[in-house]
>>> print(open('input-v1.tsv').read())   # TSV, C-alpha atoms
chain	number	residue	atom	x	y	z
J	18	MET	CA	-23.87	-35.83	-73.51
J	19	LYS	CA	-26.31	-38.61	-74.30
J	20	VAL	CA	-28.45	-38.23	-77.43
J	21	VAL	CA	-32.00	-39.59	-77.53
J	22	LEU	CA	-33.85	-39.93	-80.83
J	23	SER	CA	-37.50	-40.53	-79.98
J	24	HIS	CA	-39.54	-42.09	-82.80
J	25	LEU	CA	-37.99	-39.88	-85.48
J	26	THR	CA	-39.59	-39.89	-88.91
J	27	LYS	CA	-38.55	-37.70	-91.83
J	28	ARG	CA	-40.50	-37.41	-95.07
J	29	PHE	CA	-39.54	-35.45	-98.17
J	30	PRO	CA	-41.69	-34.38	-101.13
J	31	ASN	CA	-41.43	-36.72	-104.10
J	32	ARG	CA	-39.08	-35.39	-106.80
J	33	ASN	CA	-41.69	-36.42	-109.35
J	34	LYS	CA	-44.20	-33.63	-108.87
J	35	LYS	CA	-46.92	-35.75	-110.46
J	36	ILE	CA	-46.68	-38.15	-107.52
J	37	LYS	CA	-48.19	-36.67	-104.38
J	38	THR	CA	-46.94	-39.44	-102.08
J	39	GLU	CA	-44.02	-38.33	-99.91
J	40	VAL	CA	-40.73	-40.23	-99.67
J	41	THR	CA	-39.90	-41.55	-96.19
J	42	ALA	CA	-36.16	-41.23	-95.58
J	43	VAL	CA	-36.28	-42.18	-91.87
J	44	SER	CA	-39.06	-44.19	-90.26
J	45	ASP	CA	-39.84	-44.34	-86.50
J	46	PHE	CA	-36.17	-44.22	-85.51
J	47	ASP	CA	-35.99	-44.73	-81.74
J	48	ILE	CA	-32.67	-45.01	-79.90
J	49	GLU	CA	-30.57	-43.70	-77.00
J	50	ILE	CA	-26.92	-42.95	-77.75
J	51	PRO	CA	-24.80	-43.16	-74.55
J	52	ASP	CA	-22.75	-40.25	-73.26
J	53	GLY	CA	-19.07	-40.18	-74.23
J	54	LYS	CA	-19.18	-43.04	-76.76
J	55	LEU	CA	-18.15	-43.26	-80.41
J	56	ILE	CA	-21.11	-44.56	-82.41
J	57	GLY	CA	-20.86	-45.87	-85.97
J	58	LEU	CA	-24.02	-45.16	-87.97
J	59	LEU	CA	-23.80	-47.77	-90.68
J	60	GLY	CA	-25.74	-48.79	-93.75
J	61	PRO	CA	-25.72	-48.80	-97.56
J	62	SER	CA	-25.87	-45.58	-99.57
J	63	GLY	CA	-29.32	-44.00	-99.47
J	64	CYS	CA	-30.43	-45.71	-96.25
J	65	GLY	CA	-30.97	-42.45	-94.33
J	66	LYS	CA	-27.71	-42.11	-92.38
J	67	SER	CA	-26.99	-38.52	-93.37
J	68	THR	CA	-30.64	-37.60	-92.79
J	69	ILE	CA	-30.32	-38.86	-89.20
J	70	LEU	CA	-27.19	-36.72	-88.79
J	71	ASN	CA	-29.02	-33.68	-90.19
J	72	LEU	CA	-31.90	-34.27	-87.77
J	73	ILE	CA	-29.49	-34.44	-84.83
J	74	SER	CA	-27.66	-31.29	-85.95
J	75	GLY	CA	-30.83	-29.31	-86.68
J	76	LEU	CA	-30.15	-28.91	-90.40
J	77	GLU	CA	-33.41	-30.82	-90.95
J	78	GLN	CA	-36.60	-30.82	-88.89
J	79	PRO	CA	-38.33	-34.17	-88.24
J	80	SER	CA	-41.79	-34.84	-89.67
J	81	GLU	CA	-42.50	-36.69	-86.43
J	82	GLY	CA	-40.60	-37.43	-83.21
J	83	ARG	CA	-38.22	-35.53	-80.95
J	84	VAL	CA	-34.46	-35.06	-80.43
J	85	TYR	CA	-33.01	-34.78	-76.92
J	86	PHE	CA	-29.51	-33.85	-75.78
J	87	GLY	CA	-29.40	-35.19	-72.26
J	88	ASP	CA	-32.80	-34.28	-70.81
J	89	GLU	CA	-33.19	-31.18	-72.98
J	90	ASP	CA	-35.56	-31.26	-75.96
J	91	VAL	CA	-33.54	-29.61	-78.78
J	92	THR	CA	-35.94	-30.43	-81.62
J	93	GLU	CA	-36.85	-26.79	-82.21
J	94	LEU	CA	-33.37	-25.34	-81.55
J	95	PRO	CA	-31.35	-24.05	-84.54
J	96	PRO	CA	-27.99	-25.77	-85.21
J	97	GLU	CA	-25.92	-22.97	-83.66
J	98	LYS	CA	-27.75	-23.37	-80.36
J	99	ARG	CA	-27.28	-27.14	-80.03
J	100	GLY	CA	-23.61	-27.25	-79.12
J	101	ILE	CA	-22.60	-29.56	-81.96
J	102	GLY	CA	-19.47	-29.94	-84.05
J	103	LEU	CA	-20.06	-31.07	-87.63
J	104	VAL	CA	-17.46	-32.42	-90.05
J	105	PHE	CA	-18.56	-32.86	-93.66
J	106	GLN	CA	-17.37	-35.30	-96.28
J	107	ASN	CA	-15.62	-32.56	-98.27
J	108	TYR	CA	-14.12	-30.87	-95.14
J	109	ALA	CA	-15.53	-27.41	-96.19
J	110	LEU	CA	-12.37	-25.53	-95.20
J	111	TYR	CA	-11.97	-21.87	-96.15
J	112	PRO	CA	-9.27	-21.93	-98.88
J	113	HIS	CA	-8.15	-18.30	-98.34
J	114	LEU	CA	-7.54	-18.81	-94.61
J	115	THR	CA	-4.59	-20.48	-92.92
J	116	VAL	CA	-4.98	-23.59	-90.79
J	117	LEU	CA	-4.93	-21.45	-87.64
J	118	GLN	CA	-7.51	-19.05	-89.05
J	119	ASN	CA	-9.79	-21.92	-90.06
J	120	ILE	CA	-9.68	-23.33	-86.54
J	121	MET	CA	-10.20	-19.90	-84.95
J	122	PHE	CA	-13.16	-19.02	-87.16
J	123	PRO	CA	-15.97	-20.57	-85.02
J	124	LEU	CA	-14.66	-18.78	-81.91
J	125	GLU	CA	-14.46	-15.42	-83.68
J	126	ASN	CA	-18.19	-15.57	-84.35
J	127	LEU	CA	-19.19	-16.01	-80.71
J	128	LYS	CA	-21.33	-13.21	-79.32
J	129	GLY	CA	-22.57	-11.93	-75.99
J	130	GLU	CA	-21.30	-13.69	-72.89
J	131	GLU	CA	-19.51	-16.32	-74.99
J	132	LYS	CA	-17.36	-13.75	-76.81
J	133	MET	CA	-13.61	-14.28	-76.28
J	134	SER	CA	-10.53	-12.10	-76.56
J	135	LYS	CA	-8.20	-12.52	-79.55
J	136	GLU	CA	-5.52	-13.94	-77.27
J	137	ALA	CA	-7.89	-16.50	-75.77
J	138	ILE	CA	-9.16	-17.49	-79.23
J	139	ARG	CA	-5.65	-18.04	-80.52
J	140	ALA	CA	-4.60	-20.02	-77.42
J	141	LYS	CA	-7.62	-22.30	-77.69
J	142	ALA	CA	-7.09	-22.84	-81.43
J	143	VAL	CA	-3.43	-23.77	-80.89
J	144	GLU	CA	-4.40	-26.13	-78.06
J	145	THR	CA	-6.92	-27.87	-80.34
J	146	ALA	CA	-4.40	-28.05	-83.18
J	147	LYS	CA	-2.03	-29.89	-80.85
J	148	LEU	CA	-4.80	-32.32	-79.95
J	149	VAL	CA	-5.16	-33.36	-83.60
J	150	GLN	CA	-1.38	-33.08	-84.18
J	151	ILE	CA	-1.32	-30.33	-86.82
J	152	GLU	CA	0.43	-27.65	-84.75
J	153	ASP	CA	3.33	-27.62	-87.26
J	154	TYR	CA	1.06	-26.51	-90.12
J	155	LEU	CA	-0.74	-23.52	-88.61
J	156	ASP	CA	0.55	-21.02	-91.20
J	157	ARG	CA	-0.29	-23.16	-94.24
J	158	LYS	CA	-3.36	-22.86	-96.47
J	159	PRO	CA	-5.60	-25.93	-97.02
J	160	SER	CA	-4.23	-26.37	-100.57
J	161	GLU	CA	-0.77	-26.97	-99.06
J	162	LEU	CA	-1.98	-29.90	-96.94
J	163	SER	CA	-2.54	-33.58	-97.64
J	164	GLY	CA	-6.06	-35.00	-97.50
J	165	GLY	CA	-5.43	-36.46	-94.06
J	166	GLN	CA	-4.11	-33.14	-92.75
J	167	GLN	CA	-7.14	-31.29	-94.14
J	168	GLN	CA	-9.37	-33.77	-92.36
J	169	ARG	CA	-7.61	-33.03	-89.08
J	170	VAL	CA	-8.12	-29.32	-89.59
J	171	ALA	CA	-11.84	-29.91	-90.13
J	172	ILE	CA	-12.02	-31.98	-86.94
J	173	ALA	CA	-10.08	-29.32	-85.00
J	174	ARG	CA	-12.47	-26.62	-86.22
J	175	ALA	CA	-15.42	-28.74	-85.07
J	176	LEU	CA	-13.83	-29.44	-81.67
J	177	VAL	CA	-12.52	-25.96	-80.83
J	178	LYS	CA	-15.84	-24.88	-79.25
J	179	ARG	CA	-15.84	-28.06	-77.15
J	180	PRO	CA	-19.16	-29.34	-78.53
J	181	ASN	CA	-21.55	-31.58	-76.65
J	182	VAL	CA	-21.82	-33.84	-79.70
J	183	LEU	CA	-19.43	-34.35	-82.63
J	184	LEU	CA	-21.02	-35.43	-85.92
J	185	LEU	CA	-18.85	-36.90	-88.70
J	186	ASP	CA	-20.50	-37.41	-92.10
J	187	GLU	CA	-18.49	-39.88	-94.24
J	188	PRO	CA	-15.28	-38.14	-93.09
J	189	LEU	CA	-12.81	-40.58	-94.68
J	190	SER	CA	-14.38	-41.24	-98.07
J	191	ASN	CA	-12.03	-38.85	-99.93
J	192	LEU	CA	-8.83	-40.43	-98.58
J	193	ASP	CA	-6.75	-43.25	-100.02
J	194	ALA	CA	-6.63	-46.61	-98.26
J	195	ARG	CA	-3.54	-45.90	-96.13
J	196	LEU	CA	-4.71	-42.46	-95.07
J	197	ARG	CA	-8.16	-43.83	-94.23
J	198	LEU	CA	-6.55	-46.31	-91.83
J	199	GLN	CA	-4.34	-43.68	-90.20
J	200	THR	CA	-7.10	-41.10	-89.91
J	201	ARG	CA	-9.68	-43.43	-88.42
J	202	GLU	CA	-7.13	-44.35	-85.73
J	203	GLU	CA	-6.68	-40.64	-85.07
J	204	ILE	CA	-10.43	-40.11	-84.79
J	205	LYS	CA	-10.59	-42.87	-82.18
J	206	ARG	CA	-7.67	-41.35	-80.24
J	207	ILE	CA	-9.16	-37.85	-80.33
J	208	GLN	CA	-12.56	-39.11	-79.22
J	209	LYS	CA	-11.04	-40.95	-76.27
J	210	GLU	CA	-8.99	-37.92	-75.21
J	211	THR	CA	-11.91	-35.47	-75.43
J	212	GLY	CA	-14.68	-37.81	-74.25
J	213	VAL	CA	-17.14	-36.07	-76.58
J	214	THR	CA	-20.12	-38.12	-77.76
J	215	THR	CA	-19.31	-38.82	-81.42
J	216	ILE	CA	-21.56	-40.13	-84.20
J	217	PHE	CA	-19.64	-41.35	-87.21
J	218	VAL	CA	-21.60	-41.93	-90.44
J	219	THR	CA	-20.18	-44.40	-92.95
J	220	HIS	CA	-21.21	-47.07	-95.44
J	221	ASP	CA	-17.89	-48.86	-94.84
J	222	GLN	CA	-18.59	-51.57	-92.27
J	223	ASP	CA	-14.88	-52.26	-91.73
J	224	GLU	CA	-14.39	-48.62	-90.69
J	225	ALA	CA	-17.38	-48.64	-88.37
J	226	MET	CA	-16.48	-51.93	-86.70
J	227	SER	CA	-12.83	-51.01	-86.17
J	228	ILE	CA	-13.30	-47.78	-84.19
J	229	SER	CA	-16.86	-47.72	-82.82
J	230	ASP	CA	-17.94	-48.52	-79.27
J	231	TYR	CA	-21.37	-49.34	-80.70
J	232	ILE	CA	-22.72	-49.60	-84.21
J	233	ILE	CA	-26.21	-48.77	-85.47
J	234	VAL	CA	-27.16	-50.65	-88.64
J	235	MET	CA	-29.78	-49.08	-90.91
J	236	LYS	CA	-31.65	-50.18	-94.00
J	237	ALA	CA	-34.10	-48.05	-96.01
J	238	GLY	CA	-34.53	-45.58	-93.15
J	239	ILE	CA	-35.31	-48.27	-90.59
J	240	LEU	CA	-33.18	-49.23	-87.60
J	241	GLN	CA	-32.10	-52.86	-87.94
J	242	GLN	CA	-29.78	-53.57	-85.01
J	243	VAL	CA	-27.70	-51.82	-82.34
J	244	GLY	CA	-24.82	-53.26	-80.33
J	245	ARG	CA	-21.11	-53.64	-79.87
J	246	PRO	CA	-19.47	-54.38	-83.24
J	247	GLN	CA	-18.39	-57.92	-82.38
J	248	ASP	CA	-21.77	-58.75	-80.83
J	249	VAL	CA	-23.66	-57.62	-83.94
J	250	TYR	CA	-21.25	-59.56	-86.16
J	251	ASP	CA	-21.59	-62.73	-84.08
J	252	ASP	CA	-25.33	-62.43	-83.47
J	253	PRO	CA	-27.08	-60.72	-86.42
J	254	CYS	CA	-30.83	-60.25	-86.05
J	255	ASN	CA	-31.67	-60.79	-89.71
J	256	LEU	CA	-30.24	-61.77	-93.07
J	257	PHE	CA	-29.54	-58.16	-94.11
J	258	VAL	CA	-27.34	-57.48	-91.08
J	259	ALA	CA	-25.56	-60.82	-91.50
J	260	LYS	CA	-24.78	-60.06	-95.14
J	261	PHE	CA	-23.85	-56.43	-94.58
J	262	LEU	CA	-21.23	-57.07	-91.88
J	263	GLY	CA	-18.09	-59.02	-92.62
J	264	VAL	CA	-15.32	-59.16	-95.23
J	265	PRO	CA	-15.57	-61.55	-97.00
J	266	PRO	CA	-19.37	-61.51	-96.55
J	267	VAL	CA	-21.42	-64.31	-95.02
J	268	ASN	CA	-22.18	-67.23	-97.33
J	269	VAL	CA	-25.88	-67.94	-97.89
J	270	PHE	CA	-27.31	-71.34	-98.80
J	271	ASP	CA	-30.77	-72.75	-99.43
J	272	GLY	CA	-31.40	-75.17	-96.59
J	273	MET	CA	-34.08	-77.12	-94.80
J	274	VAL	CA	-34.66	-78.64	-91.39
J	275	ARG	CA	-35.98	-82.19	-91.35
J	276	ASN	CA	-36.37	-84.37	-88.25
J	277	GLY	CA	-33.88	-82.33	-86.22
J	278	ARG	CA	-31.23	-82.20	-88.93
J	279	LEU	CA	-30.07	-79.28	-91.07
J	280	PHE	CA	-29.65	-79.97	-94.77
J	281	ILE	CA	-27.79	-77.78	-97.22
J	282	GLY	CA	-29.01	-79.05	-100.55
J	283	GLU	CA	-28.76	-82.84	-100.24
J	284	ASN	CA	-26.05	-82.74	-97.56
J	285	ASP	CA	-26.99	-83.48	-93.94
J	286	VAL	CA	-24.56	-81.13	-92.19
J	287	LEU	CA	-25.67	-80.36	-88.60
J	288	GLY	CA	-28.15	-81.14	-85.87
J	289	VAL	CA	-30.89	-78.63	-84.97
J	290	SER	CA	-32.98	-78.52	-81.80
J	291	GLY	CA	-35.94	-76.34	-80.98
J	292	LEU	CA	-37.16	-76.02	-84.56
J	293	LYS	CA	-39.89	-77.78	-86.52
J	294	ASP	CA	-39.40	-78.94	-90.11
J	295	CYS	CA	-39.13	-75.92	-92.41
J	296	ASP	CA	-37.20	-74.42	-95.29
J	297	VAL	CA	-34.57	-71.86	-94.27
J	298	TYR	CA	-31.75	-69.69	-95.47
J	299	VAL	CA	-28.46	-70.83	-93.96
J	300	GLY	CA	-25.79	-68.21	-93.31
J	301	VAL	CA	-22.22	-69.39	-92.67
J	302	ARG	CA	-19.34	-67.02	-91.95
J	303	PRO	CA	-16.31	-67.61	-94.22
J	304	GLU	CA	-14.20	-68.61	-91.19
J	305	GLY	CA	-16.79	-71.21	-90.20
J	306	TYR	CA	-15.47	-74.16	-92.21
J	307	LEU	CA	-13.08	-77.06	-91.57
J	308	VAL	CA	-11.45	-78.97	-94.41
J	309	GLU	CA	-11.82	-82.65	-93.47
J	310	GLU	CA	-11.87	-85.88	-95.49
J	311	ASP	CA	-15.16	-86.91	-93.89
J	312	GLY	CA	-16.66	-83.41	-94.19
J	313	LEU	CA	-20.43	-83.48	-94.59
J	314	LEU	CA	-20.74	-80.58	-97.03
J	315	LYS	CA	-19.64	-81.95	-100.42
J	316	CYS	CA	-18.37	-79.26	-102.76
J	317	GLY	CA	-16.48	-78.68	-105.95
J	318	LEU	CA	-13.17	-76.83	-105.67
J	319	ARG	CA	-12.74	-73.89	-108.01
J	320	SER	CA	-9.56	-72.29	-106.65
J	321	VAL	CA	-7.22	-72.00	-103.65
J	322	GLU	CA	-5.78	-68.57	-102.84
J	323	VAL	CA	-2.79	-68.37	-100.48
J	324	GLN	CA	-2.99	-65.41	-98.07
J	325	GLY	CA	-0.10	-66.19	-95.72
J	326	ARG	CA	-1.47	-67.40	-92.40
J	327	ASP	CA	-4.85	-68.23	-93.95
J	328	THR	CA	-5.98	-69.72	-97.22
J	329	SER	CA	-9.07	-68.67	-99.14
J	330	ILE	CA	-11.03	-71.41	-100.89
J	331	ILE	CA	-13.55	-70.77	-103.66
J	332	ALA	CA	-15.88	-73.77	-103.56
J	333	THR	CA	-19.00	-74.61	-105.52
J	334	ASN	CA	-22.30	-76.03	-104.32
J	335	ALA	CA	-25.67	-75.96	-106.03
J	336	ALA	CA	-27.36	-74.74	-102.82
J	337	ALA	CA	-25.04	-71.73	-102.44
J	338	GLU	CA	-26.24	-68.28	-103.45
J	339	GLY	CA	-24.77	-67.77	-106.91
J	340	GLY	CA	-23.55	-71.36	-106.99
J	341	SER	CA	-20.23	-70.68	-105.23
J	342	PHE	CA	-18.89	-69.42	-101.91
J	343	ARG	CA	-15.66	-68.43	-100.15
J	344	ALA	CA	-14.23	-70.25	-97.13
J	345	ILE	CA	-11.25	-69.05	-95.06
J	346	VAL	CA	-9.19	-71.86	-93.49
J	347	ILE	CA	-5.85	-72.12	-91.72
J	348	ALA	CA	-3.12	-72.52	-94.32
J	349	GLU	CA	-1.81	-75.84	-93.00
J	350	TYR	CA	-5.23	-77.44	-93.53
J	351	ALA	CA	-5.78	-76.06	-97.02
J	352	PRO	CA	-6.86	-78.56	-99.69
J	353	ASP	CA	-4.70	-79.63	-102.62
J	354	PRO	CA	-5.02	-76.86	-105.23
J	355	LYS	CA	-5.02	-79.53	-107.94
J	356	ALA	CA	-8.07	-81.30	-106.52
J	357	ASP	CA	-11.48	-80.73	-108.06
J	358	LYS	CA	-13.49	-81.54	-104.92
J	359	VAL	CA	-13.36	-80.60	-101.25
J	360	ASN	CA	-15.30	-81.81	-98.20
J	361	LEU	CA	-16.10	-79.35	-95.45
J	362	ASN	CA	-17.53	-79.50	-91.95
J	363	ILE	CA	-19.21	-76.42	-90.51
J	364	LYS	CA	-18.55	-74.84	-87.11
J	365	PRO	CA	-21.95	-74.57	-85.36
J	366	ASN	CA	-21.16	-71.19	-83.77
J	367	LYS	CA	-20.68	-69.68	-87.24
J	368	VAL	CA	-24.08	-70.76	-88.56
J	369	TYR	CA	-27.28	-68.69	-88.64
J	370	LEU	CA	-30.73	-69.79	-89.80
J	371	PHE	CA	-33.19	-67.31	-91.30
J	372	ASP	CA	-36.87	-67.48	-92.13
J	373	ARG	CA	-37.40	-67.81	-95.89
J	374	ASP	CA	-40.25	-65.28	-95.95
J	375	THR	CA	-39.26	-62.60	-93.43
J	376	GLU	CA	-35.46	-63.16	-93.48
J	377	GLU	CA	-35.52	-62.74	-89.70
J	378	ARG	CA	-33.13	-64.81	-87.58
J	379	ILE	CA	-34.62	-68.08	-86.28
J	380	SER	CA	-33.93	-68.91	-82.65
J	381	CYS	CA	-32.69	-72.49	-82.33
J	382	SER	CA	-29.67	-74.53	-81.26
J	383	VAL	CA	-27.26	-75.92	-83.87
J	384	SER	CA	-24.71	-78.64	-83.10
J	385	ARG	CA	-22.37	-81.14	-84.74
>>> encode(input="input-v1.tsv", output="structure tokens")
Amino acid sequence: MKVVLSHLTKRFPNRNKKIKTEVTAVSDFDIEIPDGKLIGLLGPSGCGKSTILNLISGLEQPSEGRVYFGDEDVTELPPEKRGIGLVFQNYALYPHLTVLQNIMFPLENLKGEEKMSKEAIRAKAVETAKLVQIEDYLDRKPSELSGGQQQRVAIARALVKRPNVLLLDEPLSNLDARLRLQTREEIKRIQKETGVTTIFVTHDQDEAMSISDYIIVMKAGILQQVGRPQDVYDDPCNLFVAKFLGVPPVNVFDGMVRNGRLFIGENDVLGVSGLKDCDVYVGVRPEGYLVEEDGLLKCGLRSVEVQGRDTSIIATNAAAEGGSFRAIVIAEYAPDPKADKVNLNIKPNKVYLFDRDTEERISCSVSR
């Protein structure tokens, strides 16, 4: 089931009753989410991700705009009529019910033509439990399960009615690092097996990039960029997206273009075509550096951190944001840890130029 959000805007009353101006949580959000894909809805805390999910589910009504499931306008439909499955951050399992009873619960509340026999309800619940691999825990209560197992129960309960759309709101935030990794792999497997359109809300860009078919990046209620995770990483549309995606994050320098050359501080580092003289922000991915004796970017060397295959360098440069930056290089080309200086060349395909005023990406060609 494709999901179309047509120019959605959501405003809330200001918490300060003395201020009559409303707070805009989502502004003119316009996007089509393809059928059968896993979409990562990504952005910092407070950017409007959960509000978007609530608008899709029907828990909130838009101030403006429409929501479509396929070709059907569902904007006015209540949540129970939309055919959605919703998994909350805290799982919201019933503590007095067993795993099986929790999964069966949505089916037991069906009425009219959808009503099912007890045998059919149980069979469908067991089938769904097997899908999420918790069939061995059906008689346990939620308190007897690990966090990862509880998460699977919550997903099974959301899937048992075979929803048109599955909505996951920060589903891994309560798990430890190892369980987060395991559970996100399970979510990807389950989504592929069921083929249900899934929207996964998270502020963790590593999570979103690792399992999503497409990611949607938001900032302050406004859509920033949509695309395949690697495409958005390699081709960010603005400085915010470039800085938000990537671990370690992109390095940002004060730069300028003069006579077809890019300068970082006083260092002439690359050629630029298709751009007049101007001052710019220069973004360089951490993996975009080469340690070379004749490197054009002259830096101080603060530390060298061995990471096995790669080596992380903390270098200093007056033009760098905060005065220092991190470069990731192949271990065999790492500089001498005892040195106090390092020269670097920059890979052109790892460089982005941004307008100083708007912070939008500048279209131009960069070369050695």
>>> closest_residue(input="input-v1.tsv", among="J:Asp285, J:Asp372, J:Asp52, J:Asp327", to="Ala344 of chain J", atoms="all atoms listed in the file")
J:Asp327
>>> residues_near_point(input="input-v1.tsv", point="(-26.8, -50.0, -102.9)", cutoff="12 Å", atoms="all atoms listed in the file", output="PyMOL selection string")
chain J and resi 60-64+220+236-237+261
>>> atom_distance(input="input-v1.tsv", atom1="atom CA of Glu376 of chain J", atom2="atom CA of Pro246 of chain J")
20.9 Å
>>> atom_distance(input="input-v1.tsv", atom1="atom CA of Gln118 of chain J", atom2="atom CA of Glu131 of chain J")
18.7 Å
>>> closest_residue(input="input-v1.tsv", among="J:Thr219, J:Gln208, J:Asn71, J:Ser382", to="Gln106 of chain J", atoms="only C-alpha atoms")
J:Thr219
>>> closest_residue(input="input-v1.tsv", among="J:Val104, J:Ala351, J:Ala356, J:Val234", to="Leu176 of chain J", atoms="only C-alpha atoms")
J:Val104
>>> closest_residue(input="input-v1.tsv", among="J:Phe257, J:Asp156, J:Lys37, J:Leu370", to="Phe280 of chain J", atoms="all atoms listed in the file")
J:Leu370
>>> residues_around(input="input-v1.tsv", residues="segment 332-342 of chain J", least_positions_apart="6", cutoff="9 Å", atoms="all atoms listed in the file", output="ChimeraX atom specification")
/J:267-272,281-283,303,314-321,358-359
>>> atom_distance(input="input-v1.tsv", atom1="atom CA of Tyr369 of chain J", atom2="atom CA of Val301 of chain J")
6.5 Å
>>> residues_around(input="input-v1.tsv", residues="segment 166-175 of chain J", least_positions_apart="4", cutoff="7 Å", atoms="only C-alpha atoms", output="PyMOL selection string")
chain J and resi 102-104+108+110+116+119-120+145-146+149+159+162
>>> closest_residue(input="input-v1.tsv", among="J:Gly165, J:Glu39, J:Met226, J:Asp374", to="Leu196 of chain J", atoms="all atoms listed in the file")
J:Gly165
>>> closest_residue(input="input-v1.tsv", among="J:Glu81, J:Glu49, J:Asp153, J:Asp88", to="His24 of chain J", atoms="all atoms listed in the file")
J:Glu81
>>> residues_near_point(input="input-v1.tsv", point="(-18.6, -57.2, -88.2)", cutoff="9 Å", atoms="only C-alpha atoms", output="CSV table (one decimal) with C-alpha atoms, in the coordinates of the input")
chain,number,residue,atom,x,y,z
J,222,GLN,CA,-18.6,-51.6,-92.3
J,223,ASP,CA,-14.9,-52.3,-91.7
J,225,ALA,CA,-17.4,-48.6,-88.4
J,226,MET,CA,-16.5,-51.9,-86.7
J,227,SER,CA,-12.8,-51.0,-86.2
J,246,PRO,CA,-19.5,-54.4,-83.2
J,247,GLN,CA,-18.4,-57.9,-82.4
J,248,ASP,CA,-21.8,-58.8,-80.8
J,249,VAL,CA,-23.7,-57.6,-83.9
J,250,TYR,CA,-21.2,-59.6,-86.2
J,251,ASP,CA,-21.6,-62.7,-84.1
J,259,ALA,CA,-25.6,-60.8,-91.5
J,261,PHE,CA,-23.8,-56.4,-94.6
J,262,LEU,CA,-21.2,-57.1,-91.9
J,263,GLY,CA,-18.1,-59.0,-92.6
J,264,VAL,CA,-15.3,-59.2,-95.2
>>> residues_around(input="input-v1.tsv", residues="Glu322 of chain J", least_positions_apart="4", cutoff="10 Å", atoms="all atoms listed in the file", output="PyMOL selection string")
chain J and resi 327-331+345+348+351+354
